[in-house]
file target_31.txt (compact mmCIF, C-alpha atoms)
# COMPACT_ATOMS: atom_id res chain seq x y z
CA MET Y 1 29.19 -1.10 -6.57
CA SER Y 2 30.46 -4.64 -7.03
CA THR Y 3 30.29 -5.27 -3.28
CA LEU Y 4 26.66 -4.16 -3.36
CA LEU Y 5 25.93 -6.50 -6.24
CA GLU Y 6 27.55 -9.33 -4.35
CA ILE Y 7 25.49 -8.54 -1.27
CA ARG Y 8 22.42 -8.64 -3.45
CA GLU Y 9 23.36 -12.02 -4.85
CA THR Y 10 23.99 -13.40 -1.38
CA MET Y 11 20.67 -12.04 -0.19
CA LYS Y 12 18.96 -13.62 -3.14
CA GLN Y 13 20.56 -16.96 -2.43
CA ILE Y 14 19.69 -16.81 1.24
CA TYR Y 15 16.12 -15.88 0.41
CA THR Y 16 15.75 -18.66 -2.13
CA LYS Y 17 17.14 -21.17 0.32
CA TYR Y 18 15.23 -20.14 3.42
CA GLU Y 19 12.13 -18.57 1.87
CA ILE Y 20 9.92 -20.96 3.81
CA TYR Y 21 11.12 -19.40 7.09
CA ILE Y 22 11.78 -15.82 5.98
CA THR Y 23 8.28 -15.04 4.69
CA PRO Y 24 6.47 -15.94 7.94
CA VAL Y 25 9.03 -13.97 9.95
CA LEU Y 26 8.47 -10.91 7.74
CA LYS Y 27 4.71 -11.29 8.08
CA PHE Y 28 5.11 -11.60 11.84
CA ILE Y 29 7.19 -8.41 12.00
CA LEU Y 30 4.71 -6.54 9.79
CA SER Y 31 1.68 -7.51 11.83
CA LEU Y 32 3.44 -6.95 15.17
CA PHE Y 33 4.62 -3.53 14.05
CA THR Y 34 1.17 -2.58 12.73
CA LEU Y 35 -0.75 -3.69 15.79
CA LEU Y 36 1.72 -2.09 18.19
CA LEU Y 37 1.54 1.21 16.31
CA ILE Y 38 -2.25 1.09 16.30
CA ASN Y 39 -2.27 0.44 20.04
CA LEU Y 40 0.30 3.16 20.70
CA ASN Y 41 -1.59 5.74 18.69
CA LEU Y 42 -5.17 4.90 19.53
CA GLY Y 43 -5.13 2.61 22.53
CA TYR Y 44 -8.57 3.57 23.86
CA MET Y 45 -9.73 0.02 24.43
CA SER Y 46 -7.64 -1.38 27.25
CA LYS Y 47 -8.42 -5.00 26.38
CA LEU Y 48 -6.72 -4.69 23.00
CA ASN Y 49 -3.64 -3.07 24.49
CA SER Y 50 -2.26 -6.23 26.05
CA LEU Y 51 1.09 -7.18 24.61
CA LEU Y 52 0.31 -10.86 24.94
CA LEU Y 53 -2.76 -10.54 22.72
CA VAL Y 54 -0.79 -8.63 20.10
CA LEU Y 55 1.98 -11.24 20.16
CA VAL Y 56 -0.42 -14.15 19.82
CA ILE Y 57 -2.29 -12.51 16.95
CA SER Y 58 0.96 -11.59 15.17
CA LEU Y 59 2.18 -15.16 15.52
CA ALA Y 60 -1.05 -16.41 14.01
CA CYS Y 61 -0.75 -13.82 11.23
CA SER Y 62 2.63 -15.13 10.23
CA PHE Y 63 0.96 -18.26 8.87
CA LEU Y 64 -2.21 -16.67 7.58
CA PRO Y 65 -2.71 -14.90 4.27
CA ILE Y 66 -1.54 -11.29 4.21
CA ASN Y 67 -5.03 -9.95 3.59
CA LEU Y 68 -6.06 -11.25 6.98
CA ILE Y 69 -3.55 -8.91 8.63
CA ILE Y 70 -5.46 -5.96 7.25
CA VAL Y 71 -8.79 -7.39 8.39
CA ILE Y 72 -7.39 -7.86 11.91
CA SER Y 73 -5.83 -4.38 11.93
CA ALA Y 74 -9.15 -2.93 10.77
CA GLY Y 75 -10.78 -4.83 13.63
CA PHE Y 76 -8.28 -3.32 16.09
CA VAL Y 77 -8.91 0.18 14.77
CA LEU Y 78 -12.68 -0.32 14.99
CA GLY Y 79 -12.35 -1.67 18.52
CA HIS Y 80 -10.39 1.36 19.68
CA LEU Y 81 -12.78 3.74 17.92
CA TYR Y 82 -15.73 1.97 19.51
CA ALA Y 83 -14.19 2.69 22.90
CA VAL Y 84 -14.20 6.42 22.02
CA SER Y 85 -17.78 6.31 20.80
CA LEU Y 86 -20.03 4.04 18.81
CA GLU Y 87 -20.45 6.66 16.10
CA CYS Y 88 -16.73 6.81 15.32
CA ALA Y 89 -16.67 3.08 14.83
CA MET Y 90 -19.78 3.33 12.68
CA VAL Y 91 -18.28 5.90 10.32
CA ALA Y 92 -15.02 3.96 10.03
CA PHE Y 93 -16.89 0.71 9.48
CA ALA Y 94 -18.98 2.28 6.71
CA LEU Y 95 -15.79 3.54 5.08
CA PHE Y 96 -14.08 0.12 5.27
CA THR Y 97 -17.16 -1.67 3.95
CA LEU Y 98 -17.49 0.72 1.03
CA LEU Y 99 -13.92 0.17 -0.02
CA PHE Y 100 -14.21 -3.58 0.40
CA LEU Y 101 -17.39 -3.70 -1.67
CA LEU Y 102 -16.34 -1.37 -4.44
CA TYR Y 103 -12.62 -1.75 -4.88
CA PHE Y 104 -11.07 -4.82 -3.33
CA ARG Y 105 -13.23 -7.12 -5.38
CA PHE Y 106 -11.06 -6.07 -8.29
CA SER Y 107 -7.60 -5.95 -6.78
CA PRO Y 108 -7.25 -7.73 -3.47
CA LYS Y 109 -3.47 -7.42 -3.65
CA ASP Y 110 -3.66 -3.69 -3.06
CA THR Y 111 -4.67 -4.14 0.56
CA LEU Y 112 -1.04 -4.00 1.62
CA VAL Y 113 -0.84 -0.36 0.49
CA ILE Y 114 -3.63 0.59 2.89
CA LEU Y 115 -1.76 -1.08 5.70
CA LEU Y 116 1.59 0.47 4.86
CA LEU Y 117 0.41 4.01 4.14
CA PRO Y 118 -0.80 4.92 7.65
CA LEU Y 119 2.31 3.21 9.03
CA CYS Y 120 4.56 5.35 6.85
CA PHE Y 121 2.57 8.44 7.88
CA LEU Y 122 3.34 7.66 11.50
CA LEU Y 123 7.01 7.18 10.60
CA ARG Y 124 6.89 10.56 8.80
CA ILE Y 125 7.86 9.11 5.42
CA PRO Y 126 4.53 8.74 3.62
CA TYR Y 127 6.12 10.11 0.44
CA VAL Y 128 7.72 6.75 -0.23
CA ILE Y 129 4.38 5.01 -0.86
CA PRO Y 130 2.99 6.75 -3.99
CA ILE Y 131 6.36 6.47 -5.72
CA ALA Y 132 6.87 2.83 -4.74
CA VAL Y 133 3.35 1.95 -5.84
CA GLY Y 134 3.86 3.85 -9.10
CA LEU Y 135 6.99 1.82 -9.72
CA VAL Y 136 5.52 -1.61 -9.14
CA ALA Y 137 1.74 -1.36 -9.60
CA SER Y 138 -0.74 0.23 -11.99
CA PRO Y 139 -2.42 3.66 -11.90
CA ALA Y 140 -5.58 1.98 -10.56
CA SER Y 141 -3.81 1.81 -7.21
CA VAL Y 142 -4.57 5.52 -6.87
CA VAL Y 143 -7.79 4.34 -5.22
CA SER Y 144 -6.07 2.37 -2.50
CA VAL Y 145 -3.45 5.06 -1.88
CA SER Y 146 -6.20 7.66 -1.53
CA PHE Y 147 -8.13 5.41 0.78
CA GLY Y 148 -5.04 4.82 2.91
CA ILE Y 149 -4.70 8.59 3.26
CA VAL Y 150 -8.37 8.94 4.23
CA VAL Y 151 -8.01 6.18 6.84
CA TYR Y 152 -4.95 7.89 8.32
CA TYR Y 153 -6.65 11.29 8.51
CA LEU Y 154 -9.82 9.78 9.95
CA ILE Y 155 -7.81 8.14 12.71
CA ALA Y 156 -5.80 11.32 13.27
CA TYR Y 157 -8.97 13.42 13.42
CA ILE Y 158 -10.67 11.14 15.90
CA LYS Y 159 -7.51 10.99 17.99
CA GLN Y 160 -7.35 14.78 18.04
CA ASN Y 161 -10.97 15.12 19.05
CA ALA Y 162 -11.33 12.05 21.23
CA THR Y 163 -12.07 14.00 24.39
CA ALA Y 164 -14.61 16.21 22.65
CA LEU Y 165 -16.30 13.18 21.12
CA SER Y 166 -16.50 11.16 24.30
CA SER Y 167 -17.75 14.13 26.30
CA MET Y 168 -20.55 14.85 23.82
CA ASP Y 169 -24.04 13.86 24.83
CA ALA Y 170 -24.37 10.10 24.40
CA ASP Y 171 -27.89 10.39 23.02
CA ASN Y 172 -26.90 12.79 20.33
CA VAL Y 173 -25.83 10.21 17.76
CA VAL Y 174 -26.58 12.38 14.76
CA ALA Y 175 -24.51 15.29 16.02
CA LYS Y 176 -21.52 13.05 16.57
CA VAL Y 177 -21.71 11.55 13.09
CA LYS Y 178 -22.09 15.03 11.66
CA PHE Y 179 -19.07 16.19 13.65
CA ILE Y 180 -16.89 13.38 12.27
CA VAL Y 181 -18.10 13.59 8.67
CA ASP Y 182 -17.80 17.39 8.67
CA GLY Y 183 -14.31 17.13 10.04
CA MET Y 184 -13.35 14.75 7.25
CA LEU Y 185 -15.05 16.68 4.45
CA ASN Y 186 -13.53 19.99 5.51
CA ASN Y 187 -10.07 18.57 5.89
CA LYS Y 188 -8.23 20.50 3.20
CA GLU Y 189 -4.88 18.97 4.12
CA MET Y 190 -6.24 15.51 3.38
CA LEU Y 191 -7.53 16.66 0.02
CA VAL Y 192 -4.20 18.21 -0.90
CA VAL Y 193 -2.31 15.07 0.10
CA VAL Y 194 -4.69 12.85 -1.90
CA ILE Y 195 -4.23 14.99 -5.03
CA ALA Y 196 -0.46 15.27 -4.61
CA PHE Y 197 0.04 11.54 -4.01
CA SER Y 198 -2.21 10.58 -6.91
CA ALA Y 199 -0.33 12.90 -9.25
CA ALA Y 200 3.02 11.58 -8.03
CA LEU Y 201 1.88 7.99 -8.49
CA VAL Y 202 0.65 8.49 -12.05
CA CYS Y 203 3.72 10.52 -12.99
CA THR Y 204 6.07 7.85 -11.63
CA TYR Y 205 4.18 5.12 -13.44
CA LEU Y 206 4.20 6.93 -16.78
CA ILE Y 207 7.90 7.82 -16.67
CA LYS Y 208 8.92 4.35 -15.53
CA ARG Y 209 7.29 2.88 -18.62
CA ILE Y 210 9.27 5.02 -21.05
CA SER Y 211 12.04 2.92 -22.51
CA MET Y 212 15.16 4.86 -21.74
CA ASN Y 213 18.17 4.41 -19.55
CA TYR Y 214 17.71 5.10 -15.86
CA SER Y 215 13.95 5.44 -16.31
CA TRP Y 216 13.41 4.11 -12.77
CA ILE Y 217 15.62 6.73 -11.17
CA ILE Y 218 14.16 9.54 -13.27
CA ALA Y 219 10.64 8.32 -12.47
CA MET Y 220 11.42 8.28 -8.75
CA SER Y 221 12.93 11.74 -8.65
CA SER Y 222 10.32 13.39 -10.84
CA GLY Y 223 7.52 11.75 -8.85
CA THR Y 224 9.03 13.06 -5.64
CA VAL Y 225 9.55 16.55 -7.04
CA LEU Y 226 5.99 16.66 -8.36
CA ASN Y 227 4.76 15.53 -4.98
CA ILE Y 228 6.68 18.32 -3.24
CA ILE Y 229 5.41 20.93 -5.71
CA PHE Y 230 1.78 19.83 -5.28
CA LEU Y 231 2.03 19.75 -1.49
CA LEU Y 232 3.66 23.18 -1.32
CA THR Y 233 1.13 24.69 -3.75
CA GLY Y 234 -1.67 23.16 -1.73
CA ASP Y 235 -0.11 24.60 1.39
CA LEU Y 236 -0.08 28.06 -0.17
CA MET Y 237 -3.63 27.81 -1.50
CA PHE Y 238 -5.39 26.30 1.50
CA ASP Y 239 -2.96 27.09 4.29
CA THR Y 240 -2.69 23.45 5.29
CA ASN Y 241 0.26 23.86 7.66
CA ILE Y 242 2.42 21.22 6.02
CA SER Y 243 5.87 21.45 7.57
CA ILE Y 244 8.22 22.39 4.75
CA PHE Y 245 11.29 21.07 6.51
CA GLY Y 246 9.53 17.79 7.25
CA LEU Y 247 8.42 17.53 3.63
CA ILE Y 248 11.86 18.11 2.15
CA PHE Y 249 13.65 15.93 4.68
CA GLY Y 250 11.01 13.19 4.43
CA SER Y 251 11.27 13.27 0.65
CA PHE Y 252 15.05 12.86 0.80
CA VAL Y 253 14.73 9.94 3.17
CA SER Y 254 12.05 8.48 0.91
CA ILE Y 255 14.25 8.73 -2.16
CA ALA Y 256 17.11 7.05 -0.32
CA LEU Y 257 14.77 4.31 0.86
CA LEU Y 258 13.38 3.88 -2.65
CA MET Y 259 16.89 3.52 -4.05
CA VAL Y 260 17.58 0.74 -1.56
CA LEU Y 261 14.24 -0.90 -2.34
CA GLN Y 262 14.78 -0.61 -6.05
CA PHE Y 263 18.22 -2.17 -5.84
CA PHE Y 264 17.37 -4.99 -3.49
CA VAL Y 265 13.70 -5.70 -4.07
CA PHE Y 266 11.93 -4.30 -7.11
CA ASN Y 267 14.36 -5.27 -9.82
CA VAL Y 268 15.39 -8.62 -8.45
CA ASP Y 269 13.59 -11.81 -9.23
CA TYR Y 270 13.41 -13.57 -5.91
CA SER Y 271 12.20 -16.75 -7.51
CA ARG Y 272 11.42 -19.19 -4.82
CA THR Y 273 12.11 -22.76 -4.15
CA GLU Y 274 8.94 -24.64 -4.94
CA TYR Y 275 7.68 -27.55 -2.89
CA VAL Y 276 5.15 -29.49 -4.88
CA GLN Y 277 3.36 -32.77 -4.46
CA PHE Y 278 1.69 -34.86 -7.14
CA GLU Y 279 1.18 -38.43 -8.16
CA ASP Y 280 0.84 -40.61 -11.19
CA ASP Y 281 -0.24 -44.22 -11.52
CA GLU Y 282 2.92 -45.61 -9.96
CA TYR Y 283 4.42 -43.04 -7.60
CA PHE Y 284 3.77 -40.22 -5.20
CA TYR Y 285 6.18 -37.37 -5.84
CA TYR Y 286 7.32 -34.88 -3.24
CA VAL Y 287 9.47 -32.53 -5.25
CA LYS Y 288 11.61 -29.63 -4.13
CA ALA Y 289 12.41 -27.54 -7.18
CA VAL Y 290 15.25 -25.08 -6.67
CA PRO Y 291 15.50 -22.32 -9.28
CA LYS Y 292 18.80 -22.03 -11.09
CA ASN Y 293 20.25 -18.72 -10.05
CA THR Y 294 22.64 -17.00 -12.35
CA VAL Y 295 25.31 -15.87 -9.97
CA ALA Y 296 27.02 -12.73 -11.13
CA LYS Y 297 30.69 -13.42 -11.34
CA THR Y 298 32.95 -10.62 -10.30
CA GLU Y 299 34.63 -9.58 -13.48
CA LYS Y 300 38.33 -9.19 -13.22
CA THR Y 301 39.81 -6.34 -15.15
CA VAL Y 302 43.47 -5.60 -15.26
CA LYS Y 303 43.89 -2.05 -14.14
CA LYS Y 304 47.58 -1.85 -13.57
CA ILE Y 305 50.46 -4.01 -14.64
CA THR Y 306 53.01 -4.00 -11.89
CA SER Y 307 55.87 -5.87 -13.40
CA VAL Y 308 57.10 -6.14 -16.94
CA ILE Y 309 59.37 -8.94 -17.95
CA MET J 1 11.53 -46.62 -13.41
CA LEU J 2 11.25 -42.90 -12.99
CA ASN J 3 10.87 -40.98 -16.19
CA GLU J 4 12.92 -37.85 -15.56
CA GLU J 5 11.36 -35.79 -18.33
CA LYS J 6 7.91 -36.62 -17.06
CA VAL J 7 8.83 -35.62 -13.51
CA LYS J 8 10.17 -32.29 -14.75
CA LEU J 9 7.02 -31.63 -16.71
CA MET J 10 4.76 -32.62 -13.86
CA THR J 11 6.75 -30.47 -11.41
CA LYS J 12 6.37 -27.42 -13.63
CA MET J 13 2.67 -28.04 -13.99
CA ALA J 14 2.17 -28.62 -10.27
CA ALA J 15 4.04 -25.41 -9.48
CA TYR J 16 1.83 -23.54 -11.95
CA GLU J 17 -1.32 -25.07 -10.45
CA ASP J 18 -0.14 -24.02 -7.01
CA LYS J 19 0.85 -20.44 -7.74
CA GLU J 20 -0.15 -18.20 -10.60
CA GLY J 21 -2.27 -20.82 -12.32
CA LYS J 22 -4.56 -21.28 -9.36
CA LYS J 23 -6.95 -18.46 -10.12
CA PHE J 24 -6.60 -18.88 -13.88
CA LEU J 25 -7.68 -22.50 -13.61
CA THR J 26 -10.86 -21.56 -11.75
CA ILE J 27 -11.59 -18.82 -14.30
CA GLY J 28 -10.84 -21.19 -17.17
CA SER J 29 -13.34 -23.73 -15.90
CA PHE J 30 -16.20 -21.37 -16.84
CA PHE J 31 -17.51 -20.38 -20.24
CA ARG J 32 -16.80 -16.76 -21.04
CA GLY J 33 -20.40 -15.62 -20.80
CA ASP J 34 -21.04 -17.54 -17.59
CA TYR J 35 -17.93 -16.19 -15.87
CA ILE J 36 -18.49 -12.58 -16.84
CA SER J 37 -22.20 -12.51 -16.08
CA PHE J 38 -21.65 -14.17 -12.70
CA GLN J 39 -19.01 -11.60 -11.79
CA VAL J 40 -21.13 -8.70 -13.04
CA ILE J 41 -24.09 -9.90 -10.96
CA LYS J 42 -21.83 -10.03 -7.92
CA SER J 43 -20.66 -6.50 -8.73
CA LEU J 44 -24.24 -5.30 -9.01
CA ILE J 45 -25.05 -6.72 -5.59
CA ALA J 46 -21.93 -5.08 -4.13
CA ALA J 47 -22.85 -1.78 -5.78
CA THR J 48 -26.38 -1.97 -4.39
CA LEU J 49 -25.06 -2.54 -0.88
CA ALA J 50 -22.56 0.29 -1.27
CA TYR J 51 -25.28 2.63 -2.49
CA ALA J 52 -27.44 1.68 0.47
CA ILE J 53 -24.59 2.54 2.83
CA LEU J 54 -23.94 5.85 1.08
CA PHE J 55 -27.62 6.73 1.11
CA GLY J 56 -27.89 5.77 4.77
CA MET J 57 -24.90 7.94 5.63
CA TYR J 58 -26.36 10.83 3.67
CA ILE J 59 -29.70 10.65 5.44
CA PHE J 60 -28.04 10.16 8.80
CA TYR J 61 -25.71 13.09 8.25
CA ASP J 62 -28.54 15.49 7.58
CA PHE J 63 -31.07 13.70 9.74
CA GLU J 64 -32.52 16.74 11.50
CA VAL J 65 -32.94 18.77 8.32
CA PHE J 66 -34.35 15.74 6.58
CA MET J 67 -36.93 15.14 9.33
CA GLN J 68 -37.96 18.79 9.27
CA ASP J 69 -38.39 18.78 5.52
CA ILE J 70 -40.00 15.40 5.15
CA TYR J 71 -43.54 16.77 5.36
CA LYS J 72 -42.82 19.64 3.05
CA MET J 73 -41.00 17.89 0.26
CA ASP J 74 -42.31 15.98 -2.68
CA LEU J 75 -41.53 12.43 -1.62
CA LEU J 76 -42.26 11.00 -5.06
CA GLU J 77 -39.79 13.38 -6.64
CA PHE J 78 -37.21 12.55 -3.97
CA GLY J 79 -37.72 8.83 -4.53
CA LYS J 80 -37.34 9.28 -8.28
CA LYS J 81 -34.10 11.17 -7.78
CA VAL J 82 -32.71 8.52 -5.44
CA LEU J 83 -33.61 5.78 -7.91
CA LEU J 84 -32.08 7.67 -10.81
CA TYR J 85 -28.79 8.11 -8.96
CA TYR J 86 -28.89 4.46 -7.98
CA PHE J 87 -29.44 3.47 -11.58
CA ILE J 88 -26.54 5.61 -12.85
CA PHE J 89 -24.25 4.29 -10.12
CA VAL J 90 -25.10 0.64 -10.72
CA VAL J 91 -24.89 0.86 -14.50
CA PHE J 92 -21.53 2.60 -14.37
CA TYR J 93 -20.14 0.09 -11.90
CA GLY J 94 -21.60 -2.84 -13.86
CA LEU J 95 -20.01 -1.63 -17.09
CA LEU J 96 -16.69 -1.13 -15.36
CA SER J 97 -16.73 -4.63 -13.94
CA TYR J 98 -17.80 -6.05 -17.32
CA VAL J 99 -14.71 -4.52 -18.93
CA ILE J 100 -12.38 -5.63 -16.12
CA TYR J 101 -13.64 -9.21 -16.05
CA SER J 102 -13.57 -9.55 -19.85
CA ILE J 103 -9.91 -8.57 -19.80
CA ARG J 104 -9.27 -10.94 -16.93
CA TYR J 105 -10.94 -13.84 -18.73
CA SER J 106 -8.90 -13.42 -21.89
CA LYS J 107 -5.73 -13.13 -19.80
CA ALA J 108 -6.56 -16.37 -18.00
CA LYS J 109 -7.21 -18.18 -21.26
CA LYS J 110 -3.90 -16.99 -22.66
CA SER J 111 -2.00 -18.15 -19.60
CA LEU J 112 -3.74 -21.52 -19.61
CA LYS J 113 -2.71 -22.25 -23.20
CA LYS J 114 0.81 -23.23 -22.16
CA TYR J 115 -0.55 -25.36 -19.36
CA PHE J 116 -2.82 -27.29 -21.70
CA PHE J 117 0.06 -27.74 -24.11
CA ARG J 118 2.08 -29.34 -21.32
CA LEU J 119 -0.90 -31.47 -20.40
CA LYS J 120 -1.00 -32.79 -23.95
CA GLN J 121 2.73 -33.51 -23.85
CA LEU J 122 2.28 -35.39 -20.60
CA SER J 123 -0.55 -37.50 -21.92
CA SER J 124 1.42 -38.42 -25.03
CA MET J 125 4.34 -39.38 -22.78
CA GLN J 126 2.04 -41.58 -20.77
CA ASP J 127 0.70 -43.16 -23.95
CA ILE J 128 4.18 -44.08 -25.04
CA GLU J 129 4.98 -45.46 -21.59
CA SER J 130 1.89 -47.62 -21.48
CA ARG J 131 2.65 -49.08 -24.90
CA LYS J 132 6.10 -50.22 -23.75
call {"tool": "encode", "arguments": {"input": "target_31.txt", "output": "structure tokens"}}
result
Amino acid sequence: MSTLLEIRETMKQIYTKYEIYITPVLKFILSLFTLLLINLNLGYMSKLNSLLLVLVISLACSFLPINLIIVISAGFVLGHLYAVSLECAMVAFALFTLLFLLYFRFSPKDTLVILLLPLCFLLRIPYVIPIAVGLVASPASVVSVSFGIVVYYLIAYIKQNATALSSMDADNVVAKVKFIVDGMLNNKEMLVVVIAFSAALVCTYLIKRISMNYSWIIAMSSGTVLNIIFLLTGDLMFDTNISIFGLIFGSFVSIALLMVLQFFVFNVDYSRTEYVQFEDDEYFYYVKAVPKNTVAKTEKTVKKITSVI
Amino acid sequence: MLNEEKVKLMTKMAAYEDKEGKKFLTIGSFFRGDYISFQVIKSLIAATLAYAILFGMYIFYDFEVFMQDIYKMDLLEFGKKVLLYYFIFVVFYGLLSYVIYSIRYSKAKKSLKKYFFRLKQLSSMQDIESRK
């Protein structure tokens, strides 16, 4: 345990010292990863598939605000969907606009969840998101988690039916829209996942707030268990074909990942070095303010006395 | 000569202005009523647009049935229904945003208190300096 704590302290120090370089690199990795996954999974528009384009955009994203990454990713998704058919892009665009108009005015920080949720779905560990969000955000984030799920299932549905959609009569716009909307509305699996994730999120949030020892760990495990129960019940009720092995295994991986996150990220104050500029009547000040870190000293306890005088 | 205490104070304030204080300072520059009503109006516009999209999708989804029925149905009644739903939607969303922005305004004011206290300290420091 003490080695882990020391690693954490070192990480904290490194982050504080090099925050100015680390954050852009992380943003670069996130946007590169997102765009590559979008291209790998959709990839209908050949122009967007070029690696050079993805690299250039990711590089630009590393210096731009994080919300722009989601706008660009949404643009990529819309582009690929447009290549399948105009109607797909239309439905997705309507969905994005609705969310932007109704929800993100209130909490623009939640956009990251929408980006991460489909990514985690593709990595087969979506169960990590509702619990992580429950640990660090508020129950209002249920909206963005649900929307992330809807976006993932919309993309999955269109991907599944891409050939059918592109072979449908081009003039029959209404039929295509109906086909997509029907597919989404009748998607019982999506509904079950939305309910299960929302329940897990709220449960995690409520338990985390109780003041007791290990509330974080208890919140994590109970959220995960509740999630599993809801998904399995939904599977029984609607026959959603959720793979039980995948669910259990994914949940275990998620819990392990959450433990790591909790230890290294959620509970640690990565206070940054501030670079500020200001002036008064006499001087210009360019100040670098480094936060005082309390470095945990390794406590020495005498466990065994080897020699007695 | 550099006044170390003053530099410390100014650094803290500049860091606040740069990070968490940024949005609070913009909110704090409005009167409560002005800020909330401006935000609620924006919400109402957003809700209207969202309703238009939803309505458009609904019509588009059932376009064939809708076109078949359009001569048979009571258009006035349909219009009334659409307006009623619009009204409910907008009022609900407006109320929600009123509550959210009221909370946000009082939060901003609370956070700005410390900042203004530091501002006062700074100005008294400058007074003393100028008298020297």
call {"tool": "axis_aligned_box", "arguments": {"input": "target_31.txt", "around": "stretch 187-200 of chain Y", "padding_each_side": "8 Å", "output": "JSON"}}
result
{"center_x": -3.5, "center_y": 15.5, "center_z": -1.7, "size_x": 29.1, "size_y": 25.9, "size_z": 31.1}
call {"tool": "closest_residue", "arguments": {"input": "target_31.txt", "among": "J:Tyr85, J:Phe24, J:Phe117, J:Tyr61", "to": "chain Y", "atoms": "all atoms listed in the file"}}
result
J:Tyr61
call {"tool": "residues_around", "arguments": {"input": "target_31.txt", "residues": "Y:Ala175", "least_positions_apart": "4", "cutoff": "12 Å", "atoms": "all atoms listed in the file", "output": "NGL selection string"}}
result
(:Y and (87-88 or 164-165 or 168-171 or 179-183)) or (:J and (60-65))
call {"tool": "write_last_selection", "arguments": {"input": "target_31.txt", "atoms": "C-alpha atoms", "output": "short mmCIF file (atom, residue, chain, number, x, y, z; two decimals), in the coordinates of the input"}}
result
data_model
loop_
_atom_site.label_atom_id
_atom_site.label_comp_id
_atom_site.auth_asym_id
_atom_site.auth_seq_id
_atom_site.Cartn_x
_atom_site.Cartn_y
_atom_site.Cartn_z
CA GLU Y 87 -20.45 6.66 16.10
CA CYS Y 88 -16.73 6.81 15.32
CA ALA Y 164 -14.61 16.21 22.65
CA LEU Y 165 -16.30 13.18 21.12
CA MET Y 168 -20.55 14.85 23.82
CA ASP Y 169 -24.04 13.86 24.83
CA ALA Y 170 -24.37 10.10 24.40
CA ASP Y 171 -27.89 10.39 23.02
CA PHE Y 179 -19.07 16.19 13.65
CA ILE Y 180 -16.89 13.38 12.27
CA VAL Y 181 -18.10 13.59 8.67
CA ASP Y 182 -17.80 17.39 8.67
CA GLY Y 183 -14.31 17.13 10.04
CA PHE J 60 -28.04 10.16 8.80
CA TYR J 61 -25.71 13.09 8.25
CA ASP J 62 -28.54 15.49 7.58
CA PHE J 63 -31.07 13.70 9.74
CA GLU J 64 -32.52 16.74 11.50
CA VAL J 65 -32.94 18.77 8.32
#
call {"tool": "residues_around", "arguments": {"input": "target_31.txt", "residues": "stretch 254-257 of chain Y", "least_positions_apart": "5", "cutoff": "10 Å", "atoms": "all atoms listed in the file", "output": "list in words"}}
result
Arg124, Ile125, Pro126, Tyr127, Val128, Ile129, Ile131, Ala132, Ile217, Met220, Ser221, Gly223, Thr224, Ile248, Phe249, Gln262 and Phe263 of chain Y
call {"tool": "interface_residues", "arguments": {"input": "target_31.txt", "of": "chain Y", "to": "chain J", "cutoff": "6 Å", "atoms": "all atoms listed in the file", "output": "PyMOL selection string"}}
result
chain Y and resi 98+101+178
call {"tool": "residues_around", "arguments": {"input": "target_31.txt", "residues": "Y:Leu122", "least_positions_apart": "5", "cutoff": "12 Å", "atoms": "only C-alpha atoms", "output": "list of chain:residue names"}}
result
Y:Phe33, Y:Thr34, Y:Leu36, Y:Leu37, Y:Ile38, Y:Leu40, Y:Asn41, Y:Leu115, Y:Leu116, Y:Leu117, Y:Tyr127, Y:Ile149, Y:Tyr152, Y:Tyr153, Y:Ile155, Y:Ala156, Y:Gly250
call {"tool": "atom_distance", "arguments": {"input": "target_31.txt", "atom1": "atom CA of Y:Glu189", "atom2": "atom CA of Y:Ile228"}}
result
13.7 Å
call {"tool": "closest_residue", "arguments": {"input": "target_31.txt", "among": "J:Ala52, J:Met125, J:Leu25, J:Leu119", "to": "J:Leu83", "atoms": "all atoms listed in the file"}}
result
J:Ala52
call {"tool": "residues_near_point", "arguments": {"input": "target_31.txt", "point": "(-1.8, -7.7, -2.2)", "cutoff": "12 Å", "atoms": "only C-alpha atoms", "output": "list of chain:residue names"}}
result
Y:Pro65, Y:Ile66, Y:Asn67, Y:Leu68, Y:Ile69, Y:Ile70, Y:Phe104, Y:Arg105, Y:Phe106, Y:Ser107, Y:Pro108, Y:Lys109, Y:Asp110, Y:Thr111, Y:Leu112, Y:Val113, Y:Ile114, Y:Leu115, Y:Leu116, Y:Val133, Y:Val136, Y:Ala137, Y:Ser141, Y:Ser144
call {"tool": "decode", "arguments": {"input": "target_31.txt", "residues": "stretch 78-82 of chain J", "atoms": "N, CA and C atoms", "output": "PDB file, in the first residue's frame"}}
result
ATOM      1  N   PHE J  78     -56.689  20.396 -33.803  1.00  0.00           N
ATOM      2  CA  PHE J  78     -55.300  19.941 -33.862  1.00  0.00           C
ATOM      3  C   PHE J  78     -54.344  21.077 -33.483  1.00  0.00           C
ATOM      4  N   GLY J  79     -54.628  22.254 -34.045  1.00  0.00           N
ATOM      5  CA  GLY J  79     -53.792  23.424 -33.738  1.00  0.00           C
ATOM      6  C   GLY J  79     -53.827  23.752 -32.264  1.00  0.00           C
ATOM      7  N   LYS J  80     -55.030  23.681 -31.687  1.00  0.00           N
ATOM      8  CA  LYS J  80     -55.192  23.976 -30.259  1.00  0.00           C
ATOM      9  C   LYS J  80     -54.361  23.011 -29.416  1.00  0.00           C
ATOM     10  N   LYS J  81     -54.421  21.749 -29.802  1.00  0.00           N
ATOM     11  CA  LYS J  81     -53.702  20.708 -29.077  1.00  0.00           C
ATOM     12  C   LYS J  81     -52.193  20.961 -29.139  1.00  0.00           C
ATOM     13  N   VAL J  82     -51.724  21.273 -30.347  1.00  0.00           N
ATOM     14  CA  VAL J  82     -50.295  21.535 -30.537  1.00  0.00           C
ATOM     15  C   VAL J  82     -49.859  22.713 -29.678  1.00  0.00           C
TER      16      VAL J  82
END
